[in-house]
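Novice: Just one file: work-v4.pdb, with PDB, C-alpha atoms.
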```pdb
ATOM      1  CA  MET A 112      11.611 -16.243 -11.323  1.00  0.00           C
ATOM      2  CA  SER A 113      14.313 -15.729  -8.708  1.00  0.00           C
ATOM      3  CA  PRO A 114      13.147 -15.439  -5.082  1.00  0.00           C
ATOM      4  CA  LEU A 115      11.946 -11.940  -4.339  1.00  0.00           C
ATOM      5  CA  THR A 116      12.344  -9.658  -1.351  1.00  0.00           C
ATOM      6  CA  ALA A 117       9.437  -7.411  -0.397  1.00  0.00           C
ATOM      7  CA  ILE A 118       9.587  -4.289   1.743  1.00  0.00           C
ATOM      8  CA  VAL A 119       6.428  -3.188   3.567  1.00  0.00           C
ATOM      9  CA  ALA A 120       6.057   0.251   5.143  1.00  0.00           C
ATOM     10  CA  GLY A 121       3.049   0.516   7.418  1.00  0.00           C
ATOM     11  CA  GLY A 122       2.631  -3.144   8.298  1.00  0.00           C
ATOM     12  CA  THR A 123       0.864  -2.400  11.590  1.00  0.00           C
ATOM     13  CA  GLY A 124      -2.026  -0.631   9.844  1.00  0.00           C
ATOM     14  CA  LEU A 125      -5.176  -2.024   8.253  1.00  0.00           C
ATOM     15  CA  VAL A 126      -4.001  -2.355   4.636  1.00  0.00           C
ATOM     16  CA  GLY A 127      -0.364  -2.850   5.583  1.00  0.00           C
ATOM     17  CA  GLY A 128      -1.243  -5.727   7.882  1.00  0.00           C
ATOM     18  CA  GLU A 129      -3.265  -7.430   5.151  1.00  0.00           C
ATOM     19  CA  CYS A 130      -0.421  -6.886   2.718  1.00  0.00           C
ATOM     20  CA  LEU A 131       2.077  -8.358   5.165  1.00  0.00           C
ATOM     21  CA  ARG A 132      -0.003 -11.502   5.687  1.00  0.00           C
ATOM     22  CA  ARG A 133      -0.402 -11.972   1.961  1.00  0.00           C
ATOM     23  CA  LEU A 134       3.296 -11.531   1.244  1.00  0.00           C
ATOM     24  CA  LEU A 135       4.265 -14.019   3.938  1.00  0.00           C
ATOM     25  CA  ALA A 136       1.909 -16.562   2.358  1.00  0.00           C
ATOM     26  CA  GLU A 137       3.129 -15.924  -1.195  1.00  0.00           C
ATOM     27  CA  PRO A 138       5.891 -18.371  -2.214  1.00  0.00           C
ATOM     28  CA  ALA A 139       7.350 -15.958  -4.773  1.00  0.00           C
ATOM     29  CA  TYR A 140       8.731 -13.926  -1.861  1.00  0.00           C
ATOM     30  CA  SER A 141      11.529 -15.549   0.123  1.00  0.00           C
ATOM     31  CA  ARG A 142      11.964 -12.569   2.456  1.00  0.00           C
ATOM     32  CA  VAL A 143       9.679  -9.806   3.706  1.00  0.00           C
ATOM     33  CA  ILE A 144      11.121  -6.715   5.390  1.00  0.00           C
ATOM     34  CA  ALA A 145       8.596  -4.873   7.552  1.00  0.00           C
ATOM     35  CA  VAL A 146       9.503  -1.275   8.381  1.00  0.00           C
ATOM     36  CA  THR A 147       7.478  -0.207  11.408  1.00  0.00           C
ATOM     37  CA  ARG A 148       7.519   2.193  14.329  1.00  0.00           C
ATOM     38  CA  ARG A 149       6.364  -0.452  16.801  1.00  0.00           C
ATOM     39  CA  ASP A 150       6.920  -4.150  17.248  1.00  0.00           C
ATOM     40  CA  LEU A 151       4.753  -6.500  15.210  1.00  0.00           C
ATOM     41  CA  GLY A 152       4.348  -8.973  18.032  1.00  0.00           C
ATOM     42  CA  PRO A 153       3.771 -12.673  17.169  1.00  0.00           C
ATOM     43  CA  ALA A 154       3.840 -11.956  13.426  1.00  0.00           C
ATOM     44  CA  ALA A 155       7.515 -11.035  13.720  1.00  0.00           C
ATOM     45  CA  ARG A 156       8.392 -14.676  14.445  1.00  0.00           C
ATOM     46  CA  HIS A 157       7.586 -15.792  10.898  1.00  0.00           C
ATOM     47  CA  ARG A 158      10.626 -17.388   9.252  1.00  0.00           C
ATOM     48  CA  LYS A 159      10.419 -15.097   6.206  1.00  0.00           C
ATOM     49  CA  LEU A 160       9.969 -11.869   8.136  1.00  0.00           C
ATOM     50  CA  GLN A 161      12.674  -9.385   9.014  1.00  0.00           C
ATOM     51  CA  GLN A 162      11.446  -6.506  11.152  1.00  0.00           C
ATOM     52  CA  VAL A 163      13.092  -3.080  10.997  1.00  0.00           C
ATOM     53  CA  THR A 164      11.819  -0.926  13.854  1.00  0.00           C
ATOM     54  CA  VAL A 165      12.568   2.762  13.410  1.00  0.00           C
ATOM     55  CA  GLU A 166      11.042   6.209  13.674  1.00  0.00           C
ATOM     56  CA  PHE A 167      10.249   7.255  10.126  1.00  0.00           C
ATOM     57  CA  ASP A 168      12.009  10.580  10.486  1.00  0.00           C
ATOM     58  CA  ARG A 169      15.208   8.547  11.013  1.00  0.00           C
ATOM     59  CA  LEU A 170      14.922   6.191   8.053  1.00  0.00           C
ATOM     60  CA  GLU A 171      18.423   7.112   6.923  1.00  0.00           C
ATOM     61  CA  ASP A 172      19.732   5.217   9.952  1.00  0.00           C
ATOM     62  CA  VAL A 173      18.501   1.931   8.444  1.00  0.00           C
ATOM     63  CA  ARG A 174      18.939   2.646   4.747  1.00  0.00           C
ATOM     64  CA  ASP A 175      21.347  -0.304   4.326  1.00  0.00           C
ATOM     65  CA  ARG A 176      18.573  -2.644   5.504  1.00  0.00           C
ATOM     66  CA  LEU A 177      16.047  -1.346   2.971  1.00  0.00           C
ATOM     67  CA  ARG A 178      17.158  -3.446   0.030  1.00  0.00           C
ATOM     68  CA  GLY A 179      14.568  -5.437  -1.868  1.00  0.00           C
ATOM     69  CA  ASP A 180      12.727  -5.901  -5.144  1.00  0.00           C
ATOM     70  CA  HIS A 181       9.162  -4.763  -4.488  1.00  0.00           C
ATOM     71  CA  VAL A 182       8.042  -2.040  -2.072  1.00  0.00           C
ATOM     72  CA  PHE A 183       4.546  -1.783  -0.589  1.00  0.00           C
ATOM     73  CA  CYS A 184       3.689   1.512   1.082  1.00  0.00           C
ATOM     74  CA  ALA A 185       0.545   1.678   3.205  1.00  0.00           C
ATOM     75  CA  LEU A 186       1.537   4.580   5.428  1.00  0.00           C
ATOM     76  CA  GLY A 187      -1.291   6.925   6.328  1.00  0.00           C
ATOM     77  CA  THR A 188      -3.217   8.624   9.077  1.00  0.00           C
ATOM     78  CA  THR A 189      -6.073  11.079   9.524  1.00  0.00           C
ATOM     79  CA  ILE A 190      -5.852  14.760  10.329  1.00  0.00           C
ATOM     80  CA  ARG A 191      -7.717  14.086  13.551  1.00  0.00           C
ATOM     81  CA  LYS A 192      -5.307  11.367  14.643  1.00  0.00           C
ATOM     82  CA  ALA A 193      -2.260  13.315  13.482  1.00  0.00           C
ATOM     83  CA  GLY A 194      -3.390  16.373  15.414  1.00  0.00           C
ATOM     84  CA  SER A 195      -2.742  18.932  12.686  1.00  0.00           C
ATOM     85  CA  ARG A 196      -2.503  19.373   8.943  1.00  0.00           C
ATOM     86  CA  ALA A 197       1.239  19.806   9.243  1.00  0.00           C
ATOM     87  CA  ARG A 198       1.677  16.489  11.034  1.00  0.00           C
ATOM     88  CA  PHE A 199      -0.697  14.755   8.620  1.00  0.00           C
ATOM     89  CA  ARG A 200       1.430  15.965   5.727  1.00  0.00           C
ATOM     90  CA  ILE A 201       4.567  14.549   7.302  1.00  0.00           C
ATOM     91  CA  VAL A 202       3.018  11.088   7.682  1.00  0.00           C
ATOM     92  CA  ASP A 203       1.138  10.904   4.358  1.00  0.00           C
ATOM     93  CA  HIS A 204       3.555  12.870   2.176  1.00  0.00           C
ATOM     94  CA  ASP A 205       7.069  13.077   3.579  1.00  0.00           C
ATOM     95  CA  TYR A 206       7.379   9.547   4.944  1.00  0.00           C
ATOM     96  CA  PRO A 207       6.155   7.698   1.827  1.00  0.00           C
ATOM     97  CA  LEU A 208       8.441   9.731  -0.398  1.00  0.00           C
ATOM     98  CA  ARG A 209      11.437   9.090   1.834  1.00  0.00           C
ATOM     99  CA  VAL A 210      10.680   5.357   1.810  1.00  0.00           C
ATOM    100  CA  ALA A 211      10.509   5.533  -1.983  1.00  0.00           C
ATOM    101  CA  GLU A 212      13.774   7.432  -2.300  1.00  0.00           C
ATOM    102  CA  LEU A 213      15.753   5.116  -0.032  1.00  0.00           C
ATOM    103  CA  THR A 214      14.389   1.869  -1.456  1.00  0.00           C
ATOM    104  CA  ARG A 215      14.928   3.080  -5.013  1.00  0.00           C
ATOM    105  CA  GLN A 216      18.532   3.882  -4.123  1.00  0.00           C
ATOM    106  CA  GLY A 217      18.737   0.385  -2.646  1.00  0.00           C
ATOM    107  CA  GLY A 218      17.815  -1.225  -5.955  1.00  0.00           C
ATOM    108  CA  ALA A 219      14.042  -1.791  -5.692  1.00  0.00           C
ATOM    109  CA  ARG A 220      12.317  -1.851  -9.068  1.00  0.00           C
ATOM    110  CA  HIS A 221       8.598  -1.747  -8.223  1.00  0.00           C
ATOM    111  CA  PHE A 222       6.746   0.540  -5.805  1.00  0.00           C
ATOM    112  CA  SER A 223       3.094   0.232  -4.781  1.00  0.00           C
ATOM    113  CA  ILE A 224       1.272   2.880  -2.757  1.00  0.00           C
ATOM    114  CA  VAL A 225      -2.193   3.299  -1.297  1.00  0.00           C
ATOM    115  CA  SER A 226      -3.378   6.727  -2.424  1.00  0.00           C
ATOM    116  CA  ALA A 227      -7.038   7.817  -2.430  1.00  0.00           C
ATOM    117  CA  LEU A 228     -10.024   8.316  -4.675  1.00  0.00           C
ATOM    118  CA  GLY A 229      -9.918  11.811  -6.152  1.00  0.00           C
ATOM    119  CA  ALA A 230      -6.216  12.369  -5.477  1.00  0.00           C
ATOM    120  CA  SER A 231      -5.000  15.438  -7.367  1.00  0.00           C
ATOM    121  CA  ARG A 232      -2.485  18.148  -6.574  1.00  0.00           C
ATOM    122  CA  SER A 233      -5.034  20.678  -7.868  1.00  0.00           C
ATOM    123  CA  SER A 234      -7.844  19.431  -5.605  1.00  0.00           C
ATOM    124  CA  PRO A 235      -9.536  22.055  -3.395  1.00  0.00           C
ATOM    125  CA  PHE A 236      -9.512  19.486  -0.583  1.00  0.00           C
ATOM    126  CA  PHE A 237      -6.360  19.294   1.523  1.00  0.00           C
ATOM    127  CA  TYR A 238      -6.405  15.499   1.925  1.00  0.00           C
ATOM    128  CA  SER A 239      -6.831  14.830  -1.806  1.00  0.00           C
ATOM    129  CA  ARG A 240      -4.275  17.484  -2.673  1.00  0.00           C
ATOM    130  CA  VAL A 241      -1.599  15.911  -0.469  1.00  0.00           C
ATOM    131  CA  LYS A 242      -2.267  12.489  -2.001  1.00  0.00           C
ATOM    132  CA  GLY A 243      -2.000  13.993  -5.484  1.00  0.00           C
ATOM    133  CA  GLU A 244       1.307  15.636  -4.641  1.00  0.00           C
ATOM    134  CA  VAL A 245       2.690  12.301  -3.467  1.00  0.00           C
ATOM    135  CA  GLU A 246       1.588  10.604  -6.681  1.00  0.00           C
ATOM    136  CA  GLU A 247       3.252  13.253  -8.809  1.00  0.00           C
ATOM    137  CA  ALA A 248       6.498  13.112  -6.848  1.00  0.00           C
ATOM    138  CA  LEU A 249       6.607   9.321  -7.196  1.00  0.00           C
ATOM    139  CA  ARG A 250       6.093   9.589 -10.954  1.00  0.00           C
ATOM    140  CA  ASP A 251       9.024  11.994 -11.143  1.00  0.00           C
ATOM    141  CA  MET A 252      11.346   9.477  -9.470  1.00  0.00           C
ATOM    142  CA  GLY A 253      11.371   7.324 -12.600  1.00  0.00           C
ATOM    143  CA  TRP A 254      10.496   3.989 -11.017  1.00  0.00           C
ATOM    144  CA  PRO A 255      10.676   1.103 -13.519  1.00  0.00           C
ATOM    145  CA  GLY A 256       7.267   0.100 -12.149  1.00  0.00           C
ATOM    146  CA  LEU A 257       4.900   2.205 -10.050  1.00  0.00           C
ATOM    147  CA  ALA A 258       1.422   1.107  -8.936  1.00  0.00           C
ATOM    148  CA  ILE A 259      -0.964   3.701  -7.502  1.00  0.00           C
ATOM    149  CA  LEU A 260      -4.152   2.422  -5.879  1.00  0.00           C
ATOM    150  CA  ARG A 261      -6.948   4.925  -5.256  1.00  0.00           C
ATOM    151  CA  PRO A 262      -9.529   3.384  -2.932  1.00  0.00           C
ATOM    152  CA  SER A 263     -12.645   5.081  -1.655  1.00  0.00           C
ATOM    153  CA  VAL A 264     -13.407   4.428   2.034  1.00  0.00           C
ATOM    154  CA  ILE A 265     -11.329   1.464   3.222  1.00  0.00           C
ATOM    155  CA  ALA A 266     -13.355  -1.249   4.951  1.00  0.00           C
ATOM    156  CA  GLY A 267     -11.987  -3.604   7.584  1.00  0.00           C
ATOM    157  CA  GLU A 268     -11.428  -4.161  11.275  1.00  0.00           C
ATOM    158  CA  ARG A 269      -9.187  -1.448  12.653  1.00  0.00           C
ATOM    159  CA  ALA A 270      -7.327  -1.503  15.943  1.00  0.00           C
ATOM    160  CA  GLU A 271      -8.569   1.984  16.755  1.00  0.00           C
ATOM    161  CA  SER A 272     -12.116   3.296  16.568  1.00  0.00           C
ATOM    162  CA  ARG A 273     -12.979   5.503  13.574  1.00  0.00           C
ATOM    163  CA  PRO A 274     -16.738   6.106  13.888  1.00  0.00           C
ATOM    164  CA  LEU A 275     -16.912   8.545  10.969  1.00  0.00           C
ATOM    165  CA  GLU A 276     -15.317   6.007   8.638  1.00  0.00           C
ATOM    166  CA  ARG A 277     -17.715   3.326   9.880  1.00  0.00           C
ATOM    167  CA  LEU A 278     -20.613   5.641   9.110  1.00  0.00           C
ATOM    168  CA  GLY A 279     -19.135   6.331   5.691  1.00  0.00           C
ATOM    169  CA  GLU A 280     -18.896   2.608   4.970  1.00  0.00           C
ATOM    170  CA  ARG A 281     -22.592   2.156   5.724  1.00  0.00           C
ATOM    171  CA  LEU A 282     -23.742   5.182   3.743  1.00  0.00           C
ATOM    172  CA  LEU A 283     -21.610   4.336   0.704  1.00  0.00           C
ATOM    173  CA  GLY A 284     -22.441   0.635   0.645  1.00  0.00           C
ATOM    174  CA  LEU A 285     -25.241   1.178  -1.868  1.00  0.00           C
ATOM    175  CA  ALA A 286     -23.510   3.965  -3.802  1.00  0.00           C
ATOM    176  CA  PRO A 287     -22.250   3.612  -7.400  1.00  0.00           C
ATOM    177  CA  ALA A 288     -19.193   1.369  -7.758  1.00  0.00           C
ATOM    178  CA  THR A 289     -16.825   4.347  -7.903  1.00  0.00           C
ATOM    179  CA  TRP A 290     -17.706   5.362  -4.352  1.00  0.00           C
ATOM    180  CA  ARG A 291     -18.325   2.047  -2.609  1.00  0.00           C
ATOM    181  CA  PRO A 292     -16.043   1.027   0.278  1.00  0.00           C
ATOM    182  CA  VAL A 293     -13.131  -1.237  -0.660  1.00  0.00           C
ATOM    183  CA  ALA A 294     -11.995  -4.044   1.629  1.00  0.00           C
ATOM    184  CA  ALA A 295      -8.448  -3.718   2.921  1.00  0.00           C
ATOM    185  CA  ALA A 296      -7.845  -7.347   1.925  1.00  0.00           C
ATOM    186  CA  ASP A 297      -8.786  -6.522  -1.682  1.00  0.00           C
ATOM    187  CA  ILE A 298      -6.368  -3.585  -1.731  1.00  0.00           C
ATOM    188  CA  ALA A 299      -3.551  -5.784  -0.447  1.00  0.00           C
ATOM    189  CA  ALA A 300      -4.364  -8.491  -2.990  1.00  0.00           C
ATOM    190  CA  ALA A 301      -4.286  -5.951  -5.827  1.00  0.00           C
ATOM    191  CA  MET A 302      -0.954  -4.553  -4.667  1.00  0.00           C
ATOM    192  CA  VAL A 303       0.720  -7.961  -4.520  1.00  0.00           C
ATOM    193  CA  ALA A 304      -0.781  -9.226  -7.783  1.00  0.00           C
ATOM    194  CA  THR A 305       0.295  -6.096  -9.643  1.00  0.00           C
ATOM    195  CA  ALA A 306       3.806  -6.191  -8.204  1.00  0.00           C
ATOM    196  CA  LEU A 307       4.244  -9.805  -9.286  1.00  0.00           C
ATOM    197  CA  ARG A 308       3.259  -8.865 -12.848  1.00  0.00           C
ATOM    198  CA  GLU A 309       5.733  -5.949 -12.776  1.00  0.00           C
ATOM    199  CA  PRO A 310       4.010  -3.874 -15.468  1.00  0.00           C
ATOM    200  CA  PRO A 311       6.389  -1.173 -16.719  1.00  0.00           C
ATOM    201  CA  GLY A 312       5.704   2.497 -16.120  1.00  0.00           C
ATOM    202  CA  VAL A 313       2.803   3.772 -14.035  1.00  0.00           C
ATOM    203  CA  THR A 314      -0.277   1.665 -13.310  1.00  0.00           C
ATOM    204  CA  VAL A 315      -3.222   3.471 -11.717  1.00  0.00           C
ATOM    205  CA  ILE A 316      -5.928   1.267 -10.208  1.00  0.00           C
ATOM    206  CA  GLU A 317      -9.091   3.174  -9.417  1.00  0.00           C
ATOM    207  CA  SER A 318     -11.374   2.224  -6.554  1.00  0.00           C
ATOM    208  CA  ARG A 319     -13.926   0.349  -8.687  1.00  0.00           C
ATOM    209  CA  GLU A 320     -11.107  -1.740 -10.245  1.00  0.00           C
ATOM    210  CA  ILE A 321      -9.298  -2.816  -7.096  1.00  0.00           C
ATOM    211  CA  ALA A 322     -11.214  -6.017  -6.305  1.00  0.00           C
ATOM    212  CA  ALA A 323     -10.772  -7.330  -9.866  1.00  0.00           C
ATOM    213  CA  ALA A 324      -7.068  -6.397  -9.856  1.00  0.00           C
ATOM    214  CA  GLY A 325      -6.503  -8.717  -6.919  1.00  0.00           C
ATOM    215  CA  ARG A 326      -8.323 -11.709  -8.393  1.00  0.00           C
ATOM    216  CA  VAL A 327      -5.360 -13.084 -10.304  1.00  0.00           C
ATOM    217  CA  SER A 328      -4.631 -16.807 -10.368  1.00  0.00           C
ATOM    218  CA  GLY A 329      -1.314 -17.928  -8.946  1.00  0.00           C
ATOM    219  CA  VAL A 330      -1.276 -15.420  -6.089  1.00  0.00           C
ATOM    220  CA  ARG A 331      -1.700 -17.193  -2.776  1.00  0.00           C
ATOM    221  CA  ALA A 332      -4.126 -15.804  -0.209  1.00  0.00           C
ATOM    222  CA  PRO A 333      -3.144 -15.758   3.481  1.00  0.00           C
ATOM    223  CA  PRO A 334      -4.132 -18.968   5.284  1.00  0.00           C
ATOM    224  CA  THR A 335      -6.400 -17.049   7.656  1.00  0.00           C
ATOM    225  CA  ARG A 336      -8.306 -15.409   4.815  1.00  0.00           C
ATOM    226  CA  ARG A 337     -10.581 -16.844   2.155  1.00  0.00           C
ATOM    227  CA  ALA A 338      -8.630 -17.291  -1.063  1.00  0.00           C
ATOM    228  CA  ALA A 339      -9.544 -14.916  -3.857  1.00  0.00           C
ATOM    229  CA  ARG A 340     -11.027 -16.385  -7.019  1.00  0.00           C
ATOM    230  CA  GLY A 341      -8.705 -16.503  -9.985  1.00  0.00           C
ATOM    231  CA  GLY A 342      -9.149 -15.574 -13.598  1.00  0.00           C
ATOM    232  CA  ALA A 343     -10.414 -12.001 -13.460  1.00  0.00           C
ATOM    233  CA  PRO A 344      -8.450  -9.429 -15.418  1.00  0.00           C
ATOM    234  CA  PRO A 345      -5.994  -7.121 -13.637  1.00  0.00           C
ATOM    235  CA  GLY A 346      -6.666  -3.428 -13.077  1.00  0.00           C
ATOM    236  CA  GLU A 347      -6.572  -1.182 -16.096  1.00  0.00           C
ATOM    237  CA  ARG A 348      -3.284   0.571 -16.770  1.00  0.00           C
ATOM    238  CA  ARG A 349      -4.029   4.260 -16.965  1.00  0.00           C
ATOM    239  CA  GLY A 350      -0.708   5.787 -17.869  1.00  0.00           C
ATOM    240  CA  ARG A 351       3.036   5.563 -18.059  1.00  0.00           C
ATOM    241  CA  SER A 352       5.745   7.767 -16.625  1.00  0.00           C
TER     242      SER A 352
END
```
Translate the structure of the given file into structure tokens.
Specialist:
Amino acid sequence: MSPLTAIVAGGTGLVGGECLRRLLAEPAYSRVIAVTRRDLGPAARHRKLQQVTVEFDRLEDVRDRLRGDHVFCALGTTIRKAGSRARFRIVDHDYPLRVAELTRQGGARHFSIVSALGASRSSPFFYSRVKGEVEEALRDMGWPGLAILRPSVIAGERAESRPLERLGERLLGLAPATWRPVAAADIAAAMVATALREPPGVTVIESREIAAAGRVSGVRAPPTRRAARGGAPPGERRGRS
């Protein structure tokens, strides 16, 4: 396989940061482009990393720098942090779709996105409805390969305090597999493993399948993380565009 270039949108967040570390440790990728609003700090000094710092409503200004093979989108916020439903929609709907449009135009052939459990454009819940609308719009773009991951509550150490999510993690820890929290590292592992396989069409990985989807031999774990065990089957392919 020829050396690959990865593009990561949202590399300063919980899942995006895990994804960035994993991509930098994975020898299949010779270059990793991180599209962020703020500087990555020490991580930006990695020899494989190229940082593109830009406000996401001005992505067109850097479109010529968004050329790669695989795209990993972990953009997301909460309504509380965004300040309004309108602002939440911009971050979780408009920005991911613009990243997808520009990278597709730049020649990318695989797109991975962190969606959410229960995502559906017909959902009565605003959050789930927005996620479902994003999924549908991505399907309509005709990506050669599209991976949609639908985690429940995402577990991990965040830079900012989210007490309600912490409470949710504790309450759902003993719930059925469908609802249990999913570690951010497992989501990142599943995204990278699926991208490297490049399954054609649309691959949907539900929350209960994410950990297994990341346990694929040959995918290197970041040096600061415990390596995932190999040999488990990838996530089930649910459909095709």
Novice: In Å, how far is it from atom CA of Lys242 of chain A to atom CA of Val126 of chain A?
Specialist: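 That distance, rounded to one decimal, is 16.4 Å.
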Novice: Rank nothing, just name the residue among A:Val146, A:Ala304, A:Gly122, A:Arg326 nearest to Val163 of chain A, using all atoms listed in the file.
Specialist: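 Selected residue with least distance to Val163 of chain A: A:Val146.
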Novice: Running the PyMOL selection byres ((chain A and resi 228) around 6) on this model by hand, what would come out? Give it as JSON, numbers by chain.
Specialist: {"A": [227, 229, 230, 261, 262, 263]}
Novice: For the residues selected in the previous step, produce a file with C-alpha atoms as a PDB file, in the coordinates of the input.
Specialist:
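File result09.pdb, as written:
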```
ATOM      1  CA  ALA A 227      -7.038   7.817  -2.430  1.00  0.00           C
ATOM      2  CA  GLY A 229      -9.918  11.811  -6.152  1.00  0.00           C
ATOM      3  CA  ALA A 230      -6.216  12.369  -5.477  1.00  0.00           C
ATOM      4  CA  ARG A 261      -6.948   4.925  -5.256  1.00  0.00           C
ATOM      5  CA  PRO A 262      -9.529   3.384  -2.932  1.00  0.00           C
ATOM      6  CA  SER A 263     -12.645   5.081  -1.655  1.00  0.00           C
TER       7      SER A 263
END
```
Novice: Excluding Val182 of chain A and its own-chain neighbours fewer than 6 positions away, which residues fall within 8 Å of it when counting all atoms listed in the file? Please give them as a list of chain:residue names.
Specialist: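 Non-adjacent residues within range: A:Ala117, A:Ile118, A:Val119, A:Ala120, A:Ala211, A:Thr214, A:Ala219, A:His221, A:Phe222, A:Ser223.
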Novice: Determine the nearest neighbour of Glu129 of chain A from the options A:Phe199, A:Phe236, A:Phe183, A:Trp254, counting all atoms listed in the file.
Specialist: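 Nearest candidate to Glu129 of chain A out of A:Phe199, A:Phe236, A:Phe183, A:Trp254: A:Phe183.
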Novice: Expressed in Å to a single decimal, how great is the separation between atom CA of Asp203 of chain A and atom CA of Arg240 of chain A?
Specialist: 11.0 Å
Novice: Considering only C-alpha atoms, return as a list in words whatever protein or nucleic-acid residues lie within 7 Å of segment 155-159 of chain A, sequence-local ones (same chain, fewer than 3 positions apart) excluded.
Specialist: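 The neighbour list is Leu135, Ser141, Arg142, Val143, Leu151, Gly152 and Gln162 of chain A.
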Novice: Would you save the residues of that selection, restricted to C-alpha atoms, as a PDB file, in the frame of the given file?
Specialist:
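Output saved as part-v8.pdb:
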```
ATOM      1  CA  LEU A 135       4.265 -14.019   3.938  1.00  0.00           C
ATOM      2  CA  SER A 141      11.529 -15.549   0.123  1.00  0.00           C
ATOM      3  CA  ARG A 142      11.964 -12.569   2.456  1.00  0.00           C
ATOM      4  CA  VAL A 143       9.679  -9.806   3.706  1.00  0.00           C
ATOM      5  CA  LEU A 151       4.753  -6.500  15.210  1.00  0.00           C
ATOM      6  CA  GLY A 152       4.348  -8.973  18.032  1.00  0.00           C
ATOM      7  CA  GLN A 162      11.446  -6.506  11.152  1.00  0.00           C
TER       8      GLN A 162
END
```
Novice: Could you tell me how far atom CA of Ala139 of chain A sits from atom CA of Arg220 of chain A, in Å to one decimal place?
Specialist: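 About the pair atom CA of Arg220 of chain A and atom CA of Ala139 of chain A: they are 15.6 Å apart.
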Novice: The PyMOL selection byres ((chain A and resi 224) around 12) on the file shown: which residues, as number ranges by chain?
Specialist: A: 118-121, 126-127, 130, 181-187, 203-204, 206-208, 210-211, 221-223, 225-227, 242-243, 245-246, 249-250, 256-262, 298-299, 301-303, 305-306, 313-316
Novice: For the file shown, what are the residues hit by the PyMOL selection byres ((chain A and resi 295) around 6), laid out as an NGL selection string?
Specialist: :A and (126 or 265-267 or 294 or 296-298)
Novice: Can you take segment 157-168 of chain A from the block and write N, CA and C atoms as a PDB file, in the first residue's frame?
Specialist:
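Output file result_19.pdb follows:
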```
ATOM      1  N   HIS A 157       5.403  16.856  15.954  1.00  0.00           N
ATOM      2  CA  HIS A 157       5.637  15.527  15.405  1.00  0.00           C
ATOM      3  C   HIS A 157       6.001  15.631  13.926  1.00  0.00           C
ATOM      4  N   ARG A 158       6.967  14.827  13.500  1.00  0.00           N
ATOM      5  CA  ARG A 158       7.478  14.920  12.128  1.00  0.00           C
ATOM      6  C   ARG A 158       6.416  14.635  11.067  1.00  0.00           C
ATOM      7  N   LYS A 159       5.401  13.846  11.403  1.00  0.00           N
ATOM      8  CA  LYS A 159       4.372  13.499  10.423  1.00  0.00           C
ATOM      9  C   LYS A 159       3.220  14.499  10.382  1.00  0.00           C
ATOM     10  N   LEU A 160       3.182  15.388  11.360  1.00  0.00           N
ATOM     11  CA  LEU A 160       1.994  16.228  11.540  1.00  0.00           C
ATOM     12  C   LEU A 160       2.115  17.573  10.835  1.00  0.00           C
ATOM     13  N   GLN A 161       1.065  17.910  10.123  1.00  0.00           N
ATOM     14  CA  GLN A 161       0.932  19.239   9.525  1.00  0.00           C
ATOM     15  C   GLN A 161      -0.323  19.881  10.101  1.00  0.00           C
ATOM     16  N   GLN A 162      -0.170  20.974  10.797  1.00  0.00           N
ATOM     17  CA  GLN A 162      -1.315  21.620  11.436  1.00  0.00           C
ATOM     18  C   GLN A 162      -1.866  22.721  10.545  1.00  0.00           C
ATOM     19  N   VAL A 163      -3.188  22.725  10.378  1.00  0.00           N
ATOM     20  CA  VAL A 163      -3.890  23.777   9.652  1.00  0.00           C
ATOM     21  C   VAL A 163      -4.823  24.448  10.658  1.00  0.00           C
ATOM     22  N   THR A 164      -4.470  25.653  11.064  1.00  0.00           N
ATOM     23  CA  THR A 164      -5.269  26.369  12.062  1.00  0.00           C
ATOM     24  C   THR A 164      -6.185  27.355  11.349  1.00  0.00           C
ATOM     25  N   VAL A 165      -7.487  27.189  11.557  1.00  0.00           N
ATOM     26  CA  VAL A 165      -8.458  28.013  10.841  1.00  0.00           C
ATOM     27  C   VAL A 165      -9.795  27.996  11.573  1.00  0.00           C
ATOM     28  N   GLU A 166     -10.539  29.073  11.461  1.00  0.00           N
ATOM     29  CA  GLU A 166     -11.921  29.067  11.927  1.00  0.00           C
ATOM     30  C   GLU A 166     -12.732  28.237  10.937  1.00  0.00           C
ATOM     31  N   PHE A 167     -13.596  27.379  11.446  1.00  0.00           N
ATOM     32  CA  PHE A 167     -14.270  26.438  10.557  1.00  0.00           C
ATOM     33  C   PHE A 167     -15.282  27.104   9.626  1.00  0.00           C
ATOM     34  N   ASP A 168     -15.673  28.318   9.923  1.00  0.00           N
ATOM     35  CA  ASP A 168     -16.551  28.999   8.967  1.00  0.00           C
ATOM     36  C   ASP A 168     -15.741  29.656   7.838  1.00  0.00           C
TER      37      ASP A 168
END
```
